[in-house]
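Notes follow once the structure below has been shown.
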Amino acid sequence: MIAYELIDKTIPKVQPSDTIQDVINWTEELKVSQLPTVNEEGIFITLLDEDTLYNHPNATLPVESLPLLQQSTHYVKADQHYLDLLRLAHQQNLEVIPVIDETGRLLGSVRIQDVVQEIAKTYAVQQQGGILVLAMQERDYSLAEISRLVESNNAKVLSSLIEFNEHNKLEILVTLKIDQIDLSHIVATFERFNYKVQAKFQTTELVNVDQTRLDLLLKYLEM
């Protein structure tokens with residue numbers, strides 16, 4: 001899935017002649033704190049945020065009266081992978097990610113929620129099962145060996161992600177989504193082979209924790 005395919009057509013392109021009040025109304029209606037603005041040629045300029053809009057003393061003035069900065073780098077190209085959008089959103093604290101073409105023209109914008117939903121599908125978040133987090137030295141990591149141990153318990157690894165352990169820079173954390181709810185036998189197998197099981201999450205413990213999943217994934221993308 002690329003950026004262009006995730007564009008939300010309900011998000012407007014703010015024109016220089018639009019009033020500040022118009023933009024405030026759109027942010028409230030769409031429940032976003034940022035909207036992209038373009039120049040007369042449709043070239044992306046920057047993201048307008050609520051602070052800039054609400055702090056202006058006269059909301060009846062057009063957007064072109066705002067002291068806009070030089071062209072922002074808070075955008076992605078149309079053909080970029082959706083994980084690039086999530087990385088940019090995390091680094092720049094974005095709710096809306098502008099998508100431009102090769103000339104800088106704004107094609108549209110993507111909501112971060114839509115990116116998260118796509119990731120949830122890709123990484124088997126919605127499939128039944130449990131999650132294990134293993135801590136190990138980077139030199140000891142072997143997905144083939146880890147999968148072999150999981151499969152020895154008649155289970156399968158649905159997805160895996162890796163991050164550096166922020167509490168121990170010499171370790172990595174390997175997060176596994178496994179297609180079994182009861183992970184006790186798999187945990188016992190890993191411990192028998194001297195793997196350190198950092199954490200485990202059963203399906204019943206994952207209800208309504210989408211933000212937790214997102215925060216976890218965002219850490220991986222910082223690598």
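Residue numbering restarts at 1 for every chain of the structure tokens, chains are lettered A, B, ... in their displayed order, and ligands are numbered from 1 as they appear.
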
Residues near stretch 151-159 of chain A, cut-off 6 Å, only C-alpha atoms, skip fewer than 6 positions along chain, as a PyMOL selection string: chain A and resi 123+176-179

Kindly save the residues from that selection, with N, CA and C atoms included, as a tab-separated table (two decimals), in the first residue's frame.
```
chain	number	residue	atom	x	y	z
A	123	TYR	N	0.01	-6.54	9.82
A	123	TYR	CA	0.77	-7.24	10.85
A	123	TYR	C	-0.09	-8.21	11.67
A	176	LEU	N	6.66	-11.12	18.78
A	176	LEU	CA	6.09	-12.16	17.92
A	176	LEU	C	4.58	-12.21	18.09
A	177	LYS	N	3.86	-12.16	16.98
A	177	LYS	CA	2.42	-12.46	17.00
A	177	LYS	C	2.28	-13.93	16.63
A	178	ILE	N	1.67	-14.72	17.51
A	178	ILE	CA	1.58	-16.17	17.35
A	178	ILE	C	0.12	-16.57	17.28
A	179	ASP	N	-0.16	-17.59	16.48
A	179	ASP	CA	-1.56	-17.95	16.21
A	179	ASP	C	-2.19	-18.84	17.28
```

Assign secondary structure with DSSP using the backbone only, and return the residues of chain A in alpha helix (DSSP H) as number ranges by chain. A: 20-30, 50-54, 82-92, 112-122, 143-151, 184-192, 210-221

Spatial neighbours of stretch 5-19 of chain A, max dist 8 Å, only C-alpha atoms, sep filter under 3 positions, as a ChimeraX atom specification: /A:1-2,22-23,30,35-40,59-64,99,106,108-111,114-115

Restricted to C-alpha atoms, what would the selected residues look like written as a PDB file, in the first residue's frame?
```
ATOM      1  CA  MET A   1       0.000   0.000   0.000  1.00  0.00           C
ATOM      2  CA  ILE A   2       1.429   3.383  -1.017  1.00  0.00           C
ATOM      3  CA  ASP A  22     -13.117  28.801   7.314  1.00  0.00           C
ATOM      4  CA  VAL A  23     -10.070  26.723   8.183  1.00  0.00           C
ATOM      5  CA  LEU A  30     -13.102  16.984  10.545  1.00  0.00           C
ATOM      6  CA  LEU A  35      -4.691  21.114   7.486  1.00  0.00           C
ATOM      7  CA  PRO A  36      -2.430  21.506   4.427  1.00  0.00           C
ATOM      8  CA  THR A  37      -2.238  24.808   2.596  1.00  0.00           C
ATOM      9  CA  VAL A  38      -1.203  25.409  -1.012  1.00  0.00           C
ATOM     10  CA  ASN A  39      -0.291  28.435  -3.114  1.00  0.00           C
ATOM     11  CA  GLU A  40      -2.180  29.665  -6.182  1.00  0.00           C
ATOM     12  CA  ALA A  59     -10.222  35.281  11.837  1.00  0.00           C
ATOM     13  CA  THR A  60     -12.023  37.078   8.987  1.00  0.00           C
ATOM     14  CA  LEU A  61      -8.733  37.663   7.163  1.00  0.00           C
ATOM     15  CA  PRO A  62      -7.580  35.270   4.418  1.00  0.00           C
ATOM     16  CA  VAL A  63      -4.983  32.593   5.059  1.00  0.00           C
ATOM     17  CA  GLU A  64      -2.476  34.486   2.909  1.00  0.00           C
ATOM     18  CA  VAL A  99       0.980  13.743  -0.256  1.00  0.00           C
ATOM     19  CA  LEU A 106      -0.484  18.637  -3.293  1.00  0.00           C
ATOM     20  CA  GLY A 108      -4.272  15.155  -1.049  1.00  0.00           C
ATOM     21  CA  SER A 109      -3.715  14.148   2.533  1.00  0.00           C
ATOM     22  CA  VAL A 110      -3.755  10.977   4.617  1.00  0.00           C
ATOM     23  CA  ARG A 111      -5.103  10.631   8.152  1.00  0.00           C
ATOM     24  CA  ASP A 114      -6.018   5.213   8.194  1.00  0.00           C
ATOM     25  CA  VAL A 115      -2.329   4.295   8.247  1.00  0.00           C
TER      26      VAL A 115
END
```

Contact residues around stretch 73-84 of chain A with only C-alpha atoms at 9 Å, ignoring same-chain residues under 2 positions, as a PyMOL selection string: chain A and resi 1-6+44-47+71+86-89+92+94+97-102+104+107+109+115+118-119+221

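Atom CA of A:Gln117 is positioned 23.9 Å from atom CA of A:Asp49.
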
Those of chain A in DSSP strand (DSSP E or B), formatted as a ChimeraX atom specification: /A:2,8,14,19,34-38,43-49,62,76-77,81,96-100,105-111,130-137,157-164,171-178,196-201

Give me the residues near A:Ile181 as a PyMOL selection string, where near means some atom within 6 Å (using only C-alpha atoms) and where sequence neighbours in that chain fewer than 6 positions away do not count. chain A and resi 129-130+202

Selected residues written out, C-alpha atoms, as a PDB file, in the first residue's frame:
```
ATOM      1  CA  GLY A 129      -3.593 -15.303  18.975  1.00  0.00           C
ATOM      2  CA  GLY A 130      -1.099 -13.972  21.493  1.00  0.00           C
ATOM      3  CA  GLN A 202      -2.998 -13.069  25.603  1.00  0.00           C
TER       4      GLN A 202
END
```

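Reported to one decimal place, the separation of atom CA of A:Phe164 from atom CA of A:Phe193 is 21.5 Å.
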
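Closest approach to A:Ile20 among A:His56, A:Arg105, A:Lys200, A:Lys121: A:His56, based on only C-alpha atoms.
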
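Atom CA of A:Leu66 lies 12.3 Å from atom CA of A:Gln21.
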